[in-house]
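A.B. asks: Sharing run02.txt here; it has compact mmCIF, C-alpha atoms and all ligand atoms.
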```
# COMPACT_ATOMS: atom_id res chain seq x y z
CA MET A 2 10.77 4.87 30.14
CA ARG A 3 7.63 6.92 30.66
CA ILE A 4 6.58 9.77 28.35
CA ASP A 5 3.64 12.02 29.19
CA VAL A 6 2.18 14.07 26.34
CA LEU A 7 0.17 17.24 26.93
CA THR A 8 -1.84 17.93 23.78
CA LEU A 9 -5.09 19.29 22.38
CA PHE A 10 -5.19 16.42 19.88
CA PRO A 11 -4.52 13.05 21.61
CA GLU A 12 -6.21 11.33 18.65
CA LEU A 13 -3.11 12.14 16.58
CA PHE A 14 -1.04 9.72 18.67
CA GLN A 15 -3.00 6.44 18.82
CA PRO A 16 -2.61 5.44 15.13
CA PHE A 17 1.11 6.02 15.41
CA LEU A 18 1.46 3.93 18.60
CA GLN A 19 -0.29 0.98 16.92
CA VAL A 20 2.00 0.39 13.93
CA GLY A 21 5.56 -0.53 13.05
CA VAL A 22 8.53 -1.92 14.94
CA THR A 23 7.84 0.37 17.89
CA ARG A 24 4.28 -0.94 18.47
CA ARG A 25 5.40 -3.75 20.78
CA ALA A 26 7.40 -1.33 22.92
CA PHE A 27 4.24 0.73 23.48
CA GLU A 28 1.96 -2.31 24.02
CA SER A 29 4.35 -3.82 26.56
CA ARG A 30 4.76 -0.41 28.20
CA GLN A 31 8.52 -0.73 27.78
CA VAL A 32 7.89 2.79 26.57
CA ASP A 33 4.88 3.96 28.55
CA VAL A 34 3.22 6.81 26.61
CA ARG A 35 0.45 8.58 28.53
CA LEU A 36 -1.74 11.11 26.73
CA TRP A 37 -3.17 14.10 28.60
CA PRO A 38 -5.92 15.98 26.70
CA LEU A 39 -5.50 19.60 27.68
CA ARG A 40 -9.22 20.39 27.25
CA GLU A 41 -10.01 18.26 30.35
CA HIS A 42 -8.13 20.78 32.48
CA ALA A 43 -10.04 23.82 31.26
CA THR A 44 -12.47 24.45 34.12
CA ASP A 45 -14.49 27.45 32.95
CA ASN A 46 -17.92 26.81 31.37
CA TYR A 47 -16.53 27.36 27.90
CA ARG A 48 -13.63 24.98 28.61
CA ARG A 49 -11.26 27.58 27.24
CA VAL A 50 -7.62 26.61 26.57
CA ASP A 51 -6.75 29.64 24.49
CA ASP A 52 -7.60 33.31 24.21
CA ARG A 53 -6.78 36.42 22.23
CA PRO A 54 -3.24 37.89 22.52
CA TYR A 55 -2.60 41.04 24.56
CA GLY A 56 -1.29 43.67 22.21
CA GLY A 57 -3.62 42.44 19.47
CA GLY A 58 -2.59 40.64 16.33
CA PRO A 59 -3.84 37.49 14.66
CA GLY A 60 -4.37 34.10 16.21
CA MET A 61 -4.77 32.85 19.75
CA VAL A 62 -2.45 32.08 22.67
CA MET A 63 -2.61 29.00 24.91
CA LEU A 64 -3.59 29.99 28.44
CA VAL A 65 -1.39 29.46 31.51
CA GLU A 66 -3.98 28.17 33.96
CA PRO A 67 -5.29 25.08 32.13
CA LEU A 68 -1.68 24.17 31.36
CA GLU A 69 -0.64 24.56 35.00
CA ARG A 70 -3.57 22.41 36.16
CA ALA A 71 -2.70 19.73 33.61
CA LEU A 72 1.00 19.83 34.51
CA ALA A 73 0.18 19.50 38.23
CA ALA A 74 -1.93 16.43 37.46
CA ILE A 75 0.88 14.90 35.43
CA ARG A 76 3.52 15.62 38.07
CA ALA A 77 1.28 14.07 40.73
CA ASP A 78 0.72 11.01 38.55
CA ARG A 79 4.47 10.71 37.88
CA ALA A 80 5.44 11.15 41.52
CA ASP A 81 6.42 7.48 42.06
CA THR A 82 8.28 7.18 38.74
CA ASP A 83 10.10 10.46 39.27
CA ALA A 84 11.00 9.52 42.84
CA VAL A 85 12.92 6.53 41.47
CA ALA A 86 14.16 7.69 38.09
CA GLY A 87 14.46 11.42 38.74
CA ARG A 88 12.27 14.37 37.84
CA ALA A 89 11.21 14.26 34.19
CA PRO A 90 12.06 17.38 32.17
CA LEU A 91 9.24 19.35 30.53
CA ILE A 92 10.12 19.65 26.83
CA TYR A 93 8.43 22.20 24.53
CA PHE A 94 8.66 22.02 20.73
CA SER A 95 9.19 25.19 18.70
CA PRO A 96 11.42 26.55 15.93
CA ALA A 97 13.26 28.44 18.68
CA GLY A 98 14.36 25.15 20.24
CA ALA A 99 17.71 23.39 19.99
CA PRO A 100 17.84 21.34 16.77
CA LEU A 101 17.09 17.70 17.58
CA THR A 102 20.10 15.44 16.89
CA GLN A 103 20.73 11.72 17.28
CA SER A 104 23.04 12.36 20.20
CA ARG A 105 20.26 14.30 21.97
CA VAL A 106 17.89 11.40 21.20
CA GLN A 107 20.41 8.90 22.59
CA ALA A 108 20.71 10.92 25.80
CA PHE A 109 16.93 11.16 26.05
CA ALA A 110 16.48 7.42 25.36
CA SER A 111 18.74 6.47 28.27
CA GLY A 112 16.94 8.85 30.65
CA PRO A 113 13.71 8.62 32.75
CA GLY A 114 11.53 10.00 29.96
CA ALA A 115 9.89 13.39 29.85
CA ILE A 116 6.72 15.44 29.74
CA LEU A 117 6.17 16.70 26.18
CA LEU A 118 4.20 19.93 25.70
CA CYS A 119 2.59 20.24 22.26
CA GLY A 120 1.74 23.86 21.46
CA ARG A 121 -0.94 24.99 19.05
CA TYR A 122 -2.26 28.34 17.70
CA GLU A 123 0.40 31.10 18.00
CA GLY A 124 2.01 29.34 20.93
CA VAL A 125 1.95 29.24 24.73
CA ASP A 126 1.78 32.19 27.14
CA GLN A 127 5.40 33.11 27.85
CA ARG A 128 4.83 33.02 31.61
CA PHE A 129 4.09 29.30 31.45
CA LEU A 130 7.22 28.69 29.34
CA ASP A 131 9.38 30.77 31.70
CA ARG A 132 8.03 29.01 34.80
CA HIS A 133 7.93 25.38 33.70
CA VAL A 134 9.73 24.48 30.46
CA ASP A 135 13.12 22.83 30.97
CA GLU A 136 14.11 22.46 27.34
CA GLU A 137 12.94 23.66 23.92
CA VAL A 138 13.49 21.34 20.96
CA SER A 139 13.17 21.98 17.21
CA LEU A 140 12.91 19.52 14.31
CA GLY A 141 14.34 22.13 11.95
CA ASP A 142 13.90 25.62 10.58
CA PHE A 143 10.28 25.42 9.54
CA VAL A 144 6.89 26.21 11.05
CA LEU A 145 4.28 23.59 11.95
CA SER A 146 0.67 23.96 13.13
CA GLY A 147 1.46 22.15 16.34
CA GLY A 148 4.08 20.43 18.44
CA GLU A 149 2.53 16.96 17.98
CA LEU A 150 4.66 15.96 14.99
CA PRO A 151 7.94 16.87 16.75
CA ALA A 152 6.68 14.98 19.84
CA LEU A 153 5.97 11.92 17.67
CA ALA A 154 9.42 12.20 16.09
CA LEU A 155 11.15 12.28 19.47
CA ILE A 156 9.04 9.38 20.79
CA ASP A 157 9.84 7.27 17.70
CA ALA A 158 13.56 8.06 17.65
CA ALA A 159 13.93 7.28 21.37
CA THR A 160 11.79 4.12 21.25
CA ARG A 161 13.86 2.61 18.43
CA LEU A 162 16.89 2.82 20.71
CA GLN A 163 15.28 0.88 23.57
CA PRO A 164 16.76 -2.63 24.02
CA GLY A 165 14.89 -5.34 22.15
CA VAL A 166 12.80 -2.98 20.05
CA LEU A 167 14.61 -3.52 16.77
CA ASN A 168 14.73 -7.27 16.12
CA ASP A 169 18.26 -6.98 14.78
CA ALA A 170 20.11 -4.77 17.23
CA ALA A 171 22.71 -4.09 14.57
CA SER A 172 20.08 -2.62 12.27
CA HIS A 173 19.94 0.64 14.10
CA GLN A 174 23.71 0.69 14.00
CA GLN A 175 23.15 0.73 10.25
CA ASP A 176 20.89 3.74 10.64
CA SER A 177 22.49 6.89 9.49
CA PHE A 178 23.44 9.14 12.40
CA SER A 179 23.72 6.29 14.86
CA ASP A 180 27.41 6.16 13.89
CA GLY A 181 27.44 9.81 12.95
CA LEU A 182 27.47 9.21 9.17
CA LEU A 183 24.78 9.24 6.51
CA ASP A 184 23.36 5.89 5.47
CA CYS A 185 24.64 3.63 2.68
CA PRO A 186 22.42 2.67 -0.30
CA HIS A 187 20.10 -0.33 0.13
CA TYR A 188 18.98 -2.82 -2.55
CA SER A 189 16.61 -5.76 -2.79
CA ARG A 190 14.92 -7.90 -5.53
CA PRO A 191 14.96 -7.88 -8.51
CA GLU A 192 18.70 -8.17 -9.09
CA ARG A 193 18.45 -6.44 -12.48
CA LEU A 194 16.13 -3.56 -13.23
CA GLY A 195 16.89 -2.65 -16.86
CA ASP A 196 20.44 -1.36 -16.80
CA ALA A 197 20.33 -0.59 -13.09
CA ALA A 198 22.06 -3.57 -11.53
CA VAL A 199 22.66 -4.29 -7.88
CA PRO A 200 26.35 -3.65 -6.98
CA PRO A 201 27.96 -7.11 -7.41
CA VAL A 202 29.76 -7.04 -4.06
CA LEU A 203 26.34 -7.22 -2.34
CA LEU A 204 25.72 -10.54 -4.11
CA SER A 205 29.16 -11.92 -3.24
CA GLY A 206 28.37 -13.27 0.23
CA ASN A 207 31.69 -11.85 1.35
CA HIS A 208 30.52 -10.13 4.54
CA ALA A 209 33.80 -8.35 5.26
CA GLU A 210 33.88 -6.92 1.73
CA ILE A 211 30.20 -5.98 1.97
CA ALA A 212 30.73 -4.17 5.31
CA ARG A 213 33.71 -2.30 3.82
CA TRP A 214 31.73 -1.36 0.71
CA ARG A 215 28.84 -0.05 2.84
CA ARG A 216 31.16 1.95 5.07
CA GLN A 217 32.84 3.53 2.01
CA ARG A 218 29.42 4.49 0.58
CA GLN A 219 28.49 6.04 3.95
CA LEU A 220 31.70 8.08 3.97
CA GLU A 221 31.19 9.20 0.37
CA ALA A 222 27.55 10.18 0.98
CA THR A 223 28.54 12.12 4.06
CA VAL A 224 31.46 13.92 2.37
CA ARG A 225 29.17 14.85 -0.50
CA ARG A 226 26.07 15.97 1.43
CA ARG A 227 27.12 16.72 4.99
CA PRO A 228 30.91 17.28 5.19
CA ASP A 229 30.35 18.89 8.62
CA LEU A 230 29.45 15.43 9.96
CA ILE A 231 32.85 14.05 8.89
CA GLU A 232 34.67 16.46 11.20
CA ALA A 233 32.17 15.77 14.01
CA ALA A 234 32.62 12.00 13.62
CA ARG A 235 36.43 12.46 13.59
CA ARG A 236 36.30 14.51 16.82
CA ALA A 237 34.02 11.89 18.37
CA GLY A 238 36.62 9.23 17.54
CA ARG A 239 34.19 7.41 15.26
CA LEU A 240 36.51 7.21 12.22
CA ASP A 241 39.03 4.39 12.14
CA VAL A 242 42.27 4.03 10.15
CA ALA A 243 40.48 2.42 7.18
CA ASP A 244 37.94 5.28 7.16
CA GLU A 245 40.69 7.91 7.14
CA ARG A 246 42.54 6.07 4.37
CA TRP A 247 39.38 5.99 2.24
CA LEU A 248 38.70 9.67 2.91
CA ARG A 249 42.20 10.55 1.71
CA GLN A 250 41.65 8.40 -1.38
CA ILE A 251 38.45 10.24 -2.30
CA GLY A 252 40.15 13.52 -1.52
CA SER A 253 38.48 14.69 1.61
N1 LIG B 1 10.44 23.19 13.80
C1 LIG B 1 9.74 22.67 14.84
O1 LIG B 1 10.20 21.73 15.52
C2 LIG B 1 8.40 23.27 15.18
C3 LIG B 1 7.79 22.99 16.41
C4 LIG B 1 6.54 23.54 16.71
C5 LIG B 1 5.95 24.36 15.75
N2 LIG B 1 4.76 24.96 15.95
C6 LIG B 1 4.08 24.98 17.21
C7 LIG B 1 4.82 25.85 18.21
C8 LIG B 1 3.76 26.58 18.98
C9 LIG B 1 2.49 26.55 18.18
C10 LIG B 1 2.71 25.60 17.04
N3 LIG B 1 6.55 24.59 14.56
C11 LIG B 1 7.75 24.08 14.28
```
Take the structure I supplied and represent it as structure tokens, if you would.
C.D. replies:
Amino acid sequence: MRIDVLTLFPELFQPFLQVGVTRRAFESRQVDVRLWPLREHATDNYRRVDDRPYGGGPGMVMLVEPLERALAAIRADRADTDAVAGRAPLIYFSPAGAPLTQSRVQAFASGPGAILLCGRYEGVDQRFLDRHVDEEVSLGDFVLSGGELPALALIDAATRLQPGVLNDAASHQQDSFSDGLLDCPHYSRPERLGDAAVPPVLLSGNHAEIARWRRQRQLEATVRRRPDLIEAARRAGRLDVADERWLRQIGS
């Protein structure tokens, strides 16, 4: 998949693309991330990308014209990819967006990619948003200085789901949210840490018992912290008979 990023701070992305399990996906261009520095599309002598808001008030607003020039360049560069895989949506990150969920990530990860618009200052001129943005996405109900962190989050979450990225395909199945439940606890050496011992079942080598124990811990954690996800998993048909029996036993 190809992801184009429109940003004032491309330098924020390189360090991220060079580390971790996702690095190989970026190096091999299995996930082809292309950075587009907005400043290069500001044509006036001052290379302006922002200006003061009409109506007054603090801060600056990102200007339509440099963004439109940059977007035209990206669309032209994507023409071949989009002809095959379909037109890439333009995604804008803001608190007003739809909360990002694993199911949205899964849909995105199986698609042609996208163009990600990273806002800065007070935001982007509404006329650009009205004309060009296909989807607004939010990481949560909080304010950030820019859309780069949400863009990085979406890139990471989608890249992990690409085939071959995680050496043990099952490991992302273990990720919380990939099966709609919160994650189970994890332990490693040492076996004893004062009075905090590793749950014996994990040392038993009995893989069926271990899988059951982990699933029960996932259900308990989800009932305790996010009971709304239990109902969603039930509706999605993700809870089996053993799950439902355990939920009854713990009184949920
Ligand atoms: N909760 C979020 O996903 C989010 C996204 C962008 C942002 N700030 C950006 C939006 C336009 C200028 C800075 N703050 C928060």
A.B. asks: Show me which residues line ligand LIG 1 (chain B), defined as having an atom within 10 Å of a ligand atom where all atoms listed in the file count, and present them as a VMD selection string.
C.D. replies: chain A and resid 61 to 63 93 to 101 118 to 125 137 to 152 154
A.B. asks: Could you make a table, as JSON lines, of the residues of region 173-227 of chain A that have an atom within 8 Å of an atom of region 244-250 of chain A, each with its nearest atom pair and distance in Å to one decimal, counting all atoms listed in the file, in chain and number order?
C.D. replies:
```
{"residue": "A:Arg216", "atom": "CA", "partner": "A:Asp244", "partner_atom": "CA", "distance": 7.8}
{"residue": "A:Gln217", "atom": "CA", "partner": "A:Trp247", "partner_atom": "CA", "distance": 7.0}
{"residue": "A:Leu220", "atom": "CA", "partner": "A:Leu248", "partner_atom": "CA", "distance": 7.3}
{"residue": "A:Glu221", "atom": "CA", "partner": "A:Leu248", "partner_atom": "CA", "distance": 7.9}
```
A.B. asks: Of the residues A:Asp51, A:Glu41, A:Asp196, A:Asp229, which is the one nearest to Gly181 (chain A), using only C-alpha atoms?
C.D. replies: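 Smallest separation from Gly181 (chain A) among the options: A:Asp229.
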A.B. asks: Counting only C-alpha atoms, which residues of region 49-164 of chain A sit at most 8 Å from some atom of region 18-29 of chain A, and what is each one's closest atom pair with its distance in Å to one decimal, listed by chain and rising residue number, as a Markdown table?
C.D. replies:
```
| residue | atom | partner | partner_atom | distance |
| --- | --- | --- | --- | --- |
| A:Asp157 | CA | A:Thr23 | CA | 7.2 |
| A:Thr160 | CA | A:Thr23 | CA | 6.4 |
| A:Arg161 | CA | A:Thr23 | CA | 6.4 |
```
A.B. asks: Quick one: distance from CA of Leu13 (chain A) to CA of Arg88 (chain A) in Å, one decimal?
C.D. replies: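 Atom-to-atom, CA of Leu13 (chain A) to CA of Arg88 (chain A), that is 26.3 Å.
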A.B. asks: Which residues, written as a list in words, have at least one atom at most 12 Å from Ala237 (chain A), with all atoms listed in the file counted and residues fewer than 4 positions away on the same chain left out?
C.D. replies: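 The residues satisfying every condition are Ser104, Asp180, Gly181, Leu182, Leu230, Ile231, Glu232, Ala233 and Asp241 of chain A.
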A.B. asks: Could you please determine the separation between CA of Gln31 (chain A) and CA of Met2 (chain A) in Å, to one decimal place?
C.D. replies: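 If I compute the distance from CA of Gln31 (chain A) to CA of Met2 (chain A), I get 6.5 Å.
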A.B. asks: For region 213-215 of chain A, find every residue with an atom within 9 Å (counting all atoms listed in the file), except residues of its own chain fewer than 3 positions away, and show them as a PyMOL selection string.
C.D. replies: chain A and resi 184-186+202-203+208-210+218-220+243
A.B. asks: Output: region 55-89 of chain A of the preceding structure, restricted to N, CA, C and O atoms, written as a PDB file, in the first residue's frame.
C.D. replies:
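out23.pdb, written as the output of this step:
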```pdb
ATOM      1  N   TYR A  55      -9.131  35.462   9.322  1.00  0.00           N
ATOM      2  CA  TYR A  55     -10.178  36.481   9.176  1.00  0.00           C
ATOM      3  C   TYR A  55     -11.010  36.439  10.453  1.00  0.00           C
ATOM      4  O   TYR A  55     -11.213  35.353  11.035  1.00  0.00           O
ATOM      5  N   GLY A  56     -11.459  37.619  10.852  1.00  0.00           N
ATOM      6  CA  GLY A  56     -12.250  37.655  12.089  1.00  0.00           C
ATOM      7  C   GLY A  56     -11.360  37.808  13.309  1.00  0.00           C
ATOM      8  O   GLY A  56     -11.854  37.899  14.441  1.00  0.00           O
ATOM      9  N   GLY A  57     -10.039  37.804  13.087  1.00  0.00           N
ATOM     10  CA  GLY A  57      -9.124  38.042  14.211  1.00  0.00           C
ATOM     11  C   GLY A  57      -9.010  36.814  15.106  1.00  0.00           C
ATOM     12  O   GLY A  57      -9.502  35.732  14.773  1.00  0.00           O
ATOM     13  N   GLY A  58      -8.366  37.001  16.223  1.00  0.00           N
ATOM     14  CA  GLY A  58      -8.168  35.894  17.152  1.00  0.00           C
ATOM     15  C   GLY A  58      -6.724  35.416  17.065  1.00  0.00           C
ATOM     16  O   GLY A  58      -6.003  35.804  16.151  1.00  0.00           O
ATOM     17  N   PRO A  59      -6.347  34.571  17.994  1.00  0.00           N
ATOM     18  CA  PRO A  59      -4.947  34.140  18.095  1.00  0.00           C
ATOM     19  C   PRO A  59      -4.584  33.116  17.023  1.00  0.00           C
ATOM     20  O   PRO A  59      -5.460  32.523  16.390  1.00  0.00           O
ATOM     21  N   GLY A  60      -3.332  32.945  16.803  1.00  0.00           N
ATOM     22  CA  GLY A  60      -2.844  31.857  15.964  1.00  0.00           C
ATOM     23  C   GLY A  60      -2.962  32.142  14.477  1.00  0.00           C
ATOM     24  O   GLY A  60      -3.391  33.205  14.055  1.00  0.00           O
ATOM     25  N   MET A  61      -2.592  31.118  13.698  1.00  0.00           N
ATOM     26  CA  MET A  61      -2.555  31.239  12.250  1.00  0.00           C
ATOM     27  C   MET A  61      -3.379  30.114  11.618  1.00  0.00           C
ATOM     28  O   MET A  61      -3.698  29.120  12.281  1.00  0.00           O
ATOM     29  N   VAL A  62      -3.719  30.311  10.356  1.00  0.00           N
ATOM     30  CA  VAL A  62      -4.508  29.300   9.624  1.00  0.00           C
ATOM     31  C   VAL A  62      -3.694  28.845   8.408  1.00  0.00           C
ATOM     32  O   VAL A  62      -3.031  29.666   7.749  1.00  0.00           O
ATOM     33  N   MET A  63      -3.748  27.559   8.094  1.00  0.00           N
ATOM     34  CA  MET A  63      -3.019  27.050   6.927  1.00  0.00           C
ATOM     35  C   MET A  63      -3.770  27.438   5.654  1.00  0.00           C
ATOM     36  O   MET A  63      -4.986  27.248   5.571  1.00  0.00           O
ATOM     37  N   LEU A  64      -3.030  27.963   4.694  1.00  0.00           N
ATOM     38  CA  LEU A  64      -3.621  28.546   3.493  1.00  0.00           C
ATOM     39  C   LEU A  64      -4.057  27.483   2.471  1.00  0.00           C
ATOM     40  O   LEU A  64      -3.393  26.447   2.320  1.00  0.00           O
ATOM     41  N   VAL A  65      -5.120  27.794   1.747  1.00  0.00           N
ATOM     42  CA  VAL A  65      -5.662  26.867   0.746  1.00  0.00           C
ATOM     43  C   VAL A  65      -4.686  26.617  -0.409  1.00  0.00           C
ATOM     44  O   VAL A  65      -4.432  25.461  -0.775  1.00  0.00           O
ATOM     45  N   GLU A  66      -4.124  27.717  -0.966  1.00  0.00           N
ATOM     46  CA  GLU A  66      -3.421  27.542  -2.244  1.00  0.00           C
ATOM     47  C   GLU A  66      -2.178  26.644  -2.184  1.00  0.00           C
ATOM     48  O   GLU A  66      -2.052  25.717  -2.997  1.00  0.00           O
ATOM     49  N   PRO A  67      -1.296  26.814  -1.213  1.00  0.00           N
ATOM     50  CA  PRO A  67      -0.164  25.869  -1.142  1.00  0.00           C
ATOM     51  C   PRO A  67      -0.650  24.430  -0.969  1.00  0.00           C
ATOM     52  O   PRO A  67      -0.119  23.509  -1.595  1.00  0.00           O
ATOM     53  N   LEU A  68      -1.706  24.257  -0.191  1.00  0.00           N
ATOM     54  CA  LEU A  68      -2.231  22.891   0.010  1.00  0.00           C
ATOM     55  C   LEU A  68      -2.785  22.328  -1.294  1.00  0.00           C
ATOM     56  O   LEU A  68      -2.566  21.161  -1.624  1.00  0.00           O
ATOM     57  N   GLU A  69      -3.472  23.172  -2.070  1.00  0.00           N
ATOM     58  CA  GLU A  69      -4.051  22.677  -3.333  1.00  0.00           C
ATOM     59  C   GLU A  69      -2.944  22.331  -4.330  1.00  0.00           C
ATOM     60  O   GLU A  69      -3.031  21.318  -5.038  1.00  0.00           O
ATOM     61  N   ARG A  70      -1.875  23.152  -4.333  1.00  0.00           N
ATOM     62  CA  ARG A  70      -0.763  22.840  -5.243  1.00  0.00           C
ATOM     63  C   ARG A  70      -0.107  21.520  -4.829  1.00  0.00           C
ATOM     64  O   ARG A  70       0.180  20.651  -5.662  1.00  0.00           O
ATOM     65  N   ALA A  71       0.088  21.358  -3.525  1.00  0.00           N
ATOM     66  CA  ALA A  71       0.727  20.113  -3.045  1.00  0.00           C
ATOM     67  C   ALA A  71      -0.155  18.911  -3.353  1.00  0.00           C
ATOM     68  O   ALA A  71       0.314  17.887  -3.859  1.00  0.00           O
ATOM     69  N   LEU A  72      -1.466  19.060  -3.119  1.00  0.00           N
ATOM     70  CA  LEU A  72      -2.379  17.937  -3.356  1.00  0.00           C
ATOM     71  C   LEU A  72      -2.407  17.560  -4.838  1.00  0.00           C
ATOM     72  O   LEU A  72      -2.402  16.378  -5.198  1.00  0.00           O
ATOM     73  N   ALA A  73      -2.366  18.584  -5.711  1.00  0.00           N
ATOM     74  CA  ALA A  73      -2.355  18.304  -7.163  1.00  0.00           C
ATOM     75  C   ALA A  73      -1.096  17.517  -7.532  1.00  0.00           C
ATOM     76  O   ALA A  73      -1.158  16.555  -8.304  1.00  0.00           O
ATOM     77  N   ALA A  74       0.025  17.887  -6.930  1.00  0.00           N
ATOM     78  CA  ALA A  74       1.282  17.178  -7.210  1.00  0.00           C
ATOM     79  C   ALA A  74       1.182  15.730  -6.739  1.00  0.00           C
ATOM     80  O   ALA A  74       1.583  14.796  -7.443  1.00  0.00           O
ATOM     81  N   ILE A  75       0.601  15.536  -5.587  1.00  0.00           N
ATOM     82  CA  ILE A  75       0.470  14.170  -5.053  1.00  0.00           C
ATOM     83  C   ILE A  75      -0.465  13.348  -5.943  1.00  0.00           C
ATOM     84  O   ILE A  75      -0.144  12.228  -6.338  1.00  0.00           O
ATOM     85  N   ARG A  76      -1.598  13.915  -6.293  1.00  0.00           N
ATOM     86  CA  ARG A  76      -2.568  13.187  -7.116  1.00  0.00           C
ATOM     87  C   ARG A  76      -1.932  12.821  -8.467  1.00  0.00           C
ATOM     88  O   ARG A  76      -2.128  11.713  -8.977  1.00  0.00           O
ATOM     89  N   ALA A  77      -1.136  13.728  -9.014  1.00  0.00           N
ATOM     90  CA  ALA A  77      -0.479  13.441 -10.293  1.00  0.00           C
ATOM     91  C   ALA A  77       0.521  12.299 -10.110  1.00  0.00           C
ATOM     92  O   ALA A  77       0.581  11.365 -10.909  1.00  0.00           O
ATOM     93  N   ASP A  78       1.236  12.337  -8.983  1.00  0.00           N
ATOM     94  CA  ASP A  78       2.257  11.317  -8.734  1.00  0.00           C
ATOM     95  C   ASP A  78       1.608   9.959  -8.439  1.00  0.00           C
ATOM     96  O   ASP A  78       2.185   8.913  -8.704  1.00  0.00           O
ATOM     97  N   ARG A  79       0.389   9.981  -7.939  1.00  0.00           N
ATOM     98  CA  ARG A  79      -0.311   8.743  -7.574  1.00  0.00           C
ATOM     99  C   ARG A  79      -1.135   8.192  -8.745  1.00  0.00           C
ATOM    100  O   ARG A  79      -1.730   7.128  -8.627  1.00  0.00           O
ATOM    101  N   ALA A  80      -1.173   8.914  -9.822  1.00  0.00           N
ATOM    102  CA  ALA A  80      -2.107   8.599 -10.909  1.00  0.00           C
ATOM    103  C   ALA A  80      -2.069   7.113 -11.272  1.00  0.00           C
ATOM    104  O   ALA A  80      -3.113   6.459 -11.316  1.00  0.00           O
ATOM    105  N   ASP A  81      -0.870   6.555 -11.477  1.00  0.00           N
ATOM    106  CA  ASP A  81      -0.782   5.134 -11.868  1.00  0.00           C
ATOM    107  C   ASP A  81      -1.321   4.224 -10.761  1.00  0.00           C
ATOM    108  O   ASP A  81      -2.145   3.349 -11.010  1.00  0.00           O
ATOM    109  N   THR A  82      -0.865   4.487  -9.530  1.00  0.00           N
ATOM    110  CA  THR A  82      -1.324   3.638  -8.402  1.00  0.00           C
ATOM    111  C   THR A  82      -2.840   3.711  -8.289  1.00  0.00           C
ATOM    112  O   THR A  82      -3.530   2.710  -8.190  1.00  0.00           O
ATOM    113  N   ASP A  83      -3.355   4.921  -8.326  1.00  0.00           N
ATOM    114  CA  ASP A  83      -4.799   5.105  -8.122  1.00  0.00           C
ATOM    115  C   ASP A  83      -5.600   4.494  -9.275  1.00  0.00           C
ATOM    116  O   ASP A  83      -6.700   3.999  -9.067  1.00  0.00           O
ATOM    117  N   ALA A  84      -4.980   4.494 -10.475  1.00  0.00           N
ATOM    118  CA  ALA A  84      -5.703   3.930 -11.629  1.00  0.00           C
ATOM    119  C   ALA A  84      -5.960   2.441 -11.383  1.00  0.00           C
ATOM    120  O   ALA A  84      -7.011   1.909 -11.732  1.00  0.00           O
ATOM    121  N   VAL A  85      -4.989   1.794 -10.745  1.00  0.00           N
ATOM    122  CA  VAL A  85      -5.096   0.348 -10.475  1.00  0.00           C
ATOM    123  C   VAL A  85      -5.897   0.087  -9.202  1.00  0.00           C
ATOM    124  O   VAL A  85      -6.870  -0.667  -9.201  1.00  0.00           O
ATOM    125  N   ALA A  86      -5.462   0.743  -8.123  1.00  0.00           N
ATOM    126  CA  ALA A  86      -6.021   0.377  -6.805  1.00  0.00           C
ATOM    127  C   ALA A  86      -7.200   1.248  -6.401  1.00  0.00           C
ATOM    128  O   ALA A  86      -7.815   1.035  -5.371  1.00  0.00           O
ATOM    129  N   GLY A  87      -7.511   2.261  -7.194  1.00  0.00           N
ATOM    130  CA  GLY A  87      -8.630   3.138  -6.807  1.00  0.00           C
ATOM    131  C   GLY A  87      -8.119   4.404  -6.151  1.00  0.00           C
ATOM    132  O   GLY A  87      -7.052   4.417  -5.556  1.00  0.00           O
ATOM    133  N   ARG A  88      -8.904   5.458  -6.269  1.00  0.00           N
ATOM    134  CA  ARG A  88      -8.513   6.780  -5.781  1.00  0.00           C
ATOM    135  C   ARG A  88      -8.309   6.734  -4.267  1.00  0.00           C
ATOM    136  O   ARG A  88      -9.162   6.242  -3.529  1.00  0.00           O
ATOM    137  N   ALA A  89      -7.155   7.244  -3.828  1.00  0.00           N
ATOM    138  CA  ALA A  89      -6.836   7.229  -2.397  1.00  0.00           C
ATOM    139  C   ALA A  89      -7.628   8.336  -1.697  1.00  0.00           C
ATOM    140  O   ALA A  89      -7.676   9.466  -2.197  1.00  0.00           O
TER     141      ALA A  89
END
```
